[in-house]
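Reading through the structure tokens given below for one structure.
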Amino acid sequence: MAFGPFLLLALMEGLVTAAVLALAASGLSLVFGVMRVVNVAHGEFYMLGAVLAWAVTGFIPGLPALAFVAALLIAPLLVAALAALADGLILKRLAYDPEATIVATIGLLYMIQQAALSLYGPNANPVRAPFEWRIQLPWFGYSGYKLFVVIAALAVLLALWLVMTRTKAGLVMRATQVDRTTARAFGINVDRVYMGTFALGAGLAALAGVLVVPIQQAHYLMGGDPLLLSFIVVIIGGLGSLRGTLIAALIIGLSDGVISMFFTPTLAKILATLLVAMVLVFRPQGLFGARA
Amino acid sequence: MTGGGVKVWALHLALIAVLFTAQFWLSPYHTTNLSRIMVLAVFAMGYNLAFGYTGLLSLGHALLLAAGMYAAGLPAQLWGWSAGPAFIAGVAGGGLVAAALGLLALRTAGVSFMIVTLMFAQAGYLTLLYFAPVTGGDDGFAVAAASRRFLGFALSADTPRFLAALAIFAAGLFASLALVRSPFGRTLVAMRENEERSRMLGYNPFTVKLAALTISGLYAGAAGAAYALLFGYVGASFATIQYSILPMLYVLLGGAGTTFGPFLGALLMFALIEVASGLTSAYLFFVGAALVALVLFAPKGILGTIRERWVQWLP
């Protein structure tokens, strides 16, 4: 294959990574923005989405499209419910203290990961894509499902943006983000907003997990990479800024695709992590965020 | 806390004495475990100086442990250094990496500090994987028996290993006791309690915190080097996030800001995992549950609670 098509393939792969990453990272960003909670267990919600998708599709054999739609609805809802429970039982009692919540979500990470290992097992399992359809380009064929992932992620992000900017729920969330004391004074039930936000953030991660599972098999350790990459995206994009998250996801996803195709993935990750650490040290508001 | 000098030193000496006799009444299996616990407790004591006393919640201490481990293990492996020089190299390696980390990471605070240290540690771990031909990657390498000798004793044998671990642990314990009772130790606590006010009193928070983190790195380096030389294994798995979480867990369990806390936490957590892994293979679940329970119900840890309620003079 010539260099041009090779680069095109790398960019397309990068676009898929960016789409999944933007979904997962927007959840992390939302939770940090509204609640000021750094959720270290975010990657495990992503993993749970993928594992639950495998479980749900197992119940409906023979009809991959129907099974996948069911998984797309059920898995994020279950994960969101679990997150709401964790919020009520743990985070709320810690009064959302930033450092205590990090320790608690690390504990949550271990518990979820171990539960997945014990109940689901150490094997990676595939989930069938809802449709088998290939786009034939002049140089190579490309999976139609991967393009569907990009479109679906864009649609969800658009919906999220509309909810945040055009609905009452979004207004309430933004009000809580800006000033939770004043929001409470105006009769907003801040506890419920927090619970909803945490559930929504986890649901977005789970949705990303469901979308990715036909491309990448479900495995109990699959949450580590998205967690790290989501952190990177959210930090570079500016903590709590949805637009920055999207741009950063594009940058990280595309460059990850290109760098991992031409260099080793480990080197790509080293460079990305160092870049993030440096951004945090020298430009803590992120590359696109406004100074708080 | 500065009162009761004789009582405090006697209490610490008593702990070391009890630990010394442990080799006579513990089975060889448990003696080896105790050696391991003491080495990990040194790591946790270093973490405690940064987190418990100075208030620096780092998620990157695995980097410092691995720095000590490789700074001791690589010269031993490549150039056949013996245990003495290799250990010193390990301690220095931990301190140097900690100082470099501090110069960058201490420009941030709070949540950013946690994430920055986490990121640097992750970059360090990936770098170890990237240079797998030298570092052995996740598989690691075994330290040659020839390098595991100190003053003619083979550190791979049970008794010399236990005594070496005890000596390092005792040195670390007394150094940290002296440190926290010194004026500098009071400055560390002042940083934790109110950084702005200490700045107003004329202290430079950056230098004080950098010094604390560097000392913490010396401890982590000593623990890493001791692990490499006493247990003969060096590997990148010690640079993973788990090894940044463990000292935090030990310190939180035993009591942050207490001199005995790290050892007590390491001992209890080790025992808990030992018992739990006898019952089920899902021991990580207990680690997670312990973290959540601690932060929810006993944020001061065991000794922190005891000090608050009953024994105020406990250091």
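Every chain in the structure tokens takes a letter, A first, then B, and so on in the order presented; its residues are numbered from 1, and the ligands are numbered from 1 following the presented order.
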Practice task
Name all residues at most 9 Å from A:Leu15 (count only C-alpha atoms; drop same-chain ones fewer than 4 positions away) and give them as number ranges by chain.
Solution key: A: 10-11, 19-20, 147, 150, 250, 253-254, 257
Write the residues of the selection above to a file with C-alpha atoms, as a PDB file, in the first residue's frame.
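Result went into result_11.pdb, see below:
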ATOM      1  CA  ALA A  10      -4.404   5.526  10.080  1.00  0.00           C
ATOM      2  CA  LEU A  11      -6.588   8.638  10.186  1.00  0.00           C
ATOM      3  CA  ALA A  19     -15.180   9.145  18.728  1.00  0.00           C
ATOM      4  CA  VAL A  20     -15.153   6.518  21.486  1.00  0.00           C
ATOM      5  CA  LEU A 147     -18.189   4.488  10.621  1.00  0.00           C
ATOM      6  CA  VAL A 150     -18.285   7.642  14.695  1.00  0.00           C
ATOM      7  CA  LEU A 250      -9.929  14.538  18.064  1.00  0.00           C
ATOM      8  CA  GLY A 253      -7.438  10.071  18.824  1.00  0.00           C
ATOM      9  CA  LEU A 254      -6.013  11.067  15.444  1.00  0.00           C
ATOM     10  CA  GLY A 257      -3.936   6.466  15.330  1.00  0.00           C
TER      11      GLY A 257
END
Handout entry: Shell of 8 Å around A:Ala84, only C-alpha atoms, local chain residues under 3 positions omitted, as JSON, numbers by chain
Key = {"A": [80, 81, 87, 88, 195, 196, 198, 199]}
Handout entry: 9 Å contacts from chain B to chain A using only C-alpha atoms, as a ChimeraX atom specification
Key = /B:57,104-108,110-120,122-127,129-130,245,248-249,281-296,299
Practice task
as a PyMOL selection string, list the residues of stretch 68-175 of chain B assigned to helix (DSSP H, G or I) by DSSP on the backbone atoms of this structure.
Solution key: chain B and resi 68-79+83-105+110-130+132-135+145-147+158-175
Those residues you just picked out, can you put them in a file as a tab-separated table (two decimals), in the first residue's frame with C-alpha atoms?
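Full text of selection26.tsv as output:
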chain	number	residue	atom	x	y	z
B	68	GLY	CA	15.30	2.76	43.91
B	69	MET	CA	14.76	-0.78	42.73
B	70	TYR	CA	16.33	-0.22	39.32
B	71	ALA	CA	19.08	2.10	40.59
B	72	ALA	CA	20.16	-0.78	42.85
B	73	GLY	CA	19.27	-3.69	40.60
B	74	LEU	CA	20.69	-2.51	37.26
B	75	PRO	CA	24.27	-1.81	38.47
B	76	ALA	CA	24.18	-5.15	40.30
B	77	GLN	CA	22.99	-6.86	37.14
B	78	LEU	CA	25.15	-5.06	34.57
B	79	TRP	CA	28.38	-4.35	36.46
B	83	ALA	CA	24.85	-5.09	47.97
B	84	GLY	CA	26.35	-2.11	49.87
B	85	PRO	CA	27.04	0.23	46.93
B	86	ALA	CA	23.92	-0.97	45.12
B	87	PHE	CA	21.76	-0.08	48.14
B	88	ILE	CA	23.30	3.38	48.36
B	89	ALA	CA	22.70	3.86	44.63
B	90	GLY	CA	19.08	2.83	45.14
B	91	VAL	CA	18.50	5.32	47.98
B	92	ALA	CA	20.13	8.09	45.93
B	93	GLY	CA	18.09	7.10	42.86
B	94	GLY	CA	14.82	7.38	44.79
B	95	GLY	CA	15.81	10.76	46.21
B	96	LEU	CA	16.95	12.16	42.86
B	97	VAL	CA	13.82	11.09	41.01
B	98	ALA	CA	11.68	12.48	43.83
B	99	ALA	CA	13.48	15.82	43.67
B	100	ALA	CA	13.02	16.00	39.89
B	101	LEU	CA	9.36	15.01	40.23
B	102	GLY	CA	8.90	17.61	42.95
B	103	LEU	CA	10.46	20.43	40.93
B	104	LEU	CA	7.73	19.94	38.32
B	105	ALA	CA	4.76	18.55	40.21
B	110	GLY	CA	-4.45	19.25	45.40
B	111	VAL	CA	-6.18	17.31	42.67
B	112	SER	CA	-3.76	18.52	39.97
B	113	PHE	CA	-0.82	17.30	42.06
B	114	MET	CA	-2.41	13.86	42.31
B	115	ILE	CA	-2.97	13.64	38.56
B	116	VAL	CA	0.46	15.03	37.64
B	117	THR	CA	2.23	12.53	39.91
B	118	LEU	CA	0.02	9.76	38.51
B	119	MET	CA	0.93	10.76	34.94
B	120	PHE	CA	4.66	10.95	35.60
B	121	ALA	CA	4.56	7.56	37.29
B	122	GLN	CA	2.64	6.12	34.35
B	123	ALA	CA	5.18	7.61	31.90
B	124	GLY	CA	7.93	6.06	34.02
B	125	TYR	CA	6.24	2.66	33.95
B	126	LEU	CA	5.76	2.83	30.17
B	127	THR	CA	9.40	3.86	29.77
B	128	LEU	CA	10.46	0.77	31.71
B	129	LEU	CA	8.33	-1.31	29.33
B	130	TYR	CA	9.75	0.50	26.31
B	132	ALA	CA	12.35	-3.94	28.10
B	133	PRO	CA	15.62	-5.38	26.71
B	134	VAL	CA	17.48	-3.64	29.56
B	135	THR	CA	14.81	-3.47	32.27
B	145	ALA	CA	23.29	-14.15	44.04
B	146	ALA	CA	26.83	-12.72	43.85
B	147	SER	CA	25.42	-9.20	44.21
B	158	ASP	CA	16.54	-16.25	55.96
B	159	THR	CA	18.35	-14.83	58.99
B	160	PRO	CA	20.62	-12.25	57.28
B	161	ARG	CA	17.67	-11.14	55.16
B	162	PHE	CA	15.47	-10.66	58.20
B	163	LEU	CA	18.19	-8.78	60.08
B	164	ALA	CA	18.94	-6.54	57.09
B	165	ALA	CA	15.25	-5.74	56.67
B	166	LEU	CA	14.96	-5.03	60.42
B	167	ALA	CA	18.04	-2.77	60.35
B	168	ILE	CA	16.68	-0.73	57.43
B	169	PHE	CA	13.25	-0.58	59.05
B	170	ALA	CA	14.69	0.52	62.41
B	171	ALA	CA	16.85	3.19	60.74
B	172	GLY	CA	13.81	4.47	58.85
B	173	LEU	CA	11.60	4.45	61.93
B	174	PHE	CA	14.04	6.33	64.16
B	175	ALA	CA	14.90	8.78	61.39
Handout entry: Test item: residues at most 12 Å from A:Ser26, only C-alpha atoms, excluding those fewer than 6 positions along its chain, as number ranges by chain
Key = A: 18-20, 32-34, 42, 153-154, 156-158, 160-161, 164, 197-198, 200-208, 226-227, 229-235, 237-249
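In the backbone-derived DSSP annotation, strand (DSSP E) within stretch 31-273 of chain B comprises B:Phe141, B:Ala142, B:Arg149, B:Phe150, B:Phe153, B:Ala154, B:Tyr233, B:Val234.
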Let me see the file: selected residues, C-alpha atoms, as a compact mmCIF listing (two decimals), in the first residue's frame.
# COMPACT_ATOMS: atom_id res chain seq x y z
CA PHE B 141 14.95 -10.04 36.06
CA ALA B 142 16.47 -11.88 39.00
CA ARG B 149 26.05 -10.36 49.60
CA PHE B 150 26.80 -7.88 52.36
CA PHE B 153 26.58 -12.68 54.48
CA ALA B 154 24.27 -13.98 51.76
CA TYR B 233 13.74 -9.61 41.94
CA VAL B 234 13.47 -6.41 39.91
Practice task
One decimal, Å: what's the distance from atom CA of B:Gly136 over to atom CA of A:Val40, could you say?
Solution key: 28.8 Å
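Proximity to B:Phe260 at 10 Å, evaluated using only C-alpha atoms and with sequence-adjacent residues fewer than 3 positions away removed, yields His12, Leu15, Ala41, Met45, Leu173, Ser176, Leu177, Val251, Gly254, Gly255, Ala256, Gly257, Phe263, Leu264, Gly265, Leu303, Leu314 and Pro315 of chain B.
Counting from atom CA of A:Ala152, the distance to atom CA of A:Phe131 is 14.3 Å.
Residues in contact with B:Leu65 at up to 9 Å, not including ones fewer than 2 positions away on its chain and judged by only C-alpha atoms, are Phe43, His61, Ala62, Leu63, Ala67, Gly68, Met69, Tyr70, Gly94, Gly217, Tyr219, Ala220, Gly221, Ala222, Ala223, Gly224, Ala225, Phe238, Ala239, Tyr243 and Ser244 of chain B.
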Kindly save the residues from that selection, with N, CA and C atoms included, as an mmCIF file, in the first residue's frame.
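Result written to selection14.cif:
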data_model
loop_
_atom_site.group_PDB
_atom_site.id
_atom_site.type_symbol
_atom_site.label_atom_id
_atom_site.label_comp_id
_atom_site.auth_asym_id
_atom_site.auth_seq_id
_atom_site.Cartn_x
_atom_site.Cartn_y
_atom_site.Cartn_z
ATOM 1 N N PHE B 43 8.751 1.901 52.760
ATOM 2 C CA PHE B 43 8.113 2.617 51.645
ATOM 3 C C PHE B 43 6.957 3.471 52.172
ATOM 4 N N HIS B 61 3.997 7.405 43.818
ATOM 5 C CA HIS B 61 5.146 6.908 44.566
ATOM 6 C C HIS B 61 5.732 5.622 44.007
ATOM 7 N N ALA B 62 4.957 4.903 43.185
ATOM 8 C CA ALA B 62 5.507 3.700 42.566
ATOM 9 C C ALA B 62 6.736 4.043 41.739
ATOM 10 N N LEU B 63 6.726 5.248 41.143
ATOM 11 C CA LEU B 63 7.872 5.700 40.351
ATOM 12 C C LEU B 63 9.130 5.740 41.228
ATOM 13 N N ALA B 67 12.370 3.527 41.014
ATOM 14 C CA ALA B 67 13.660 4.204 40.808
ATOM 15 C C ALA B 67 14.715 3.578 41.714
ATOM 16 N N GLY B 68 14.359 3.378 42.985
ATOM 17 C CA GLY B 68 15.301 2.760 43.914
ATOM 18 C C GLY B 68 15.625 1.336 43.515
ATOM 19 N N MET B 69 14.597 0.618 43.095
ATOM 20 C CA MET B 69 14.758 -0.783 42.728
ATOM 21 C C MET B 69 15.705 -0.930 41.533
ATOM 22 N N TYR B 70 15.487 -0.111 40.515
ATOM 23 C CA TYR B 70 16.331 -0.222 39.321
ATOM 24 C C TYR B 70 17.707 0.397 39.544
ATOM 25 N N GLY B 94 16.153 6.979 44.346
ATOM 26 C CA GLY B 94 14.820 7.376 44.790
ATOM 27 C C GLY B 94 14.759 8.857 45.113
ATOM 28 N N GLY B 217 11.234 10.312 48.900
ATOM 29 C CA GLY B 217 11.850 9.553 47.817
ATOM 30 C C GLY B 217 13.027 8.728 48.302
ATOM 31 N N TYR B 219 13.280 7.335 51.220
ATOM 32 C CA TYR B 219 12.652 6.166 51.844
ATOM 33 C C TYR B 219 12.192 5.168 50.773
ATOM 34 N N ALA B 220 11.486 5.694 49.758
ATOM 35 C CA ALA B 220 10.975 4.814 48.701
ATOM 36 C C ALA B 220 12.133 4.128 47.988
ATOM 37 N N GLY B 221 13.211 4.901 47.748
ATOM 38 C CA GLY B 221 14.384 4.329 47.099
ATOM 39 C C GLY B 221 15.004 3.231 47.950
ATOM 40 N N ALA B 222 15.101 3.492 49.271
ATOM 41 C CA ALA B 222 15.659 2.483 50.168
ATOM 42 C C ALA B 222 14.807 1.217 50.128
ATOM 43 N N ALA B 223 13.473 1.386 50.139
ATOM 44 C CA ALA B 223 12.584 0.223 50.113
ATOM 45 C C ALA B 223 12.740 -0.551 48.808
ATOM 46 N N GLY B 224 12.800 0.187 47.682
ATOM 47 C CA GLY B 224 12.944 -0.464 46.384
ATOM 48 C C GLY B 224 14.253 -1.229 46.298
ATOM 49 N N ALA B 225 15.354 -0.564 46.740
ATOM 50 C CA ALA B 225 16.667 -1.213 46.698
ATOM 51 C C ALA B 225 16.684 -2.435 47.601
ATOM 52 N N PHE B 238 6.535 -3.226 39.638
ATOM 53 C CA PHE B 238 6.583 -2.406 40.843
ATOM 54 C C PHE B 238 6.369 -0.927 40.538
ATOM 55 N N ALA B 239 6.363 -0.576 39.249
ATOM 56 C CA ALA B 239 6.129 0.819 38.883
ATOM 57 C C ALA B 239 4.674 1.065 38.539
ATOM 58 N N TYR B 243 1.313 -0.008 43.120
ATOM 59 C CA TYR B 243 2.332 0.276 44.118
ATOM 60 C C TYR B 243 2.328 1.738 44.544
ATOM 61 N N SER B 244 1.543 2.577 43.850
ATOM 62 C CA SER B 244 1.325 3.920 44.381
ATOM 63 C C SER B 244 0.162 3.905 45.363
#
Completion exercise
Expressed in Å, the length from atom CA of B:Pro247 to atom CA of B:Ala44 is 4.6 Å
Practice task
Determine, counting only C-alpha atoms, which protein, DNA and RNA residues have an atom within 12 Å of an atom of A:Ala65; residues of the same chain fewer than 6 positions away are not included. Present the result as a ChimeraX atom specification.
Solution key: /A:57,71-72,127-132,145,214
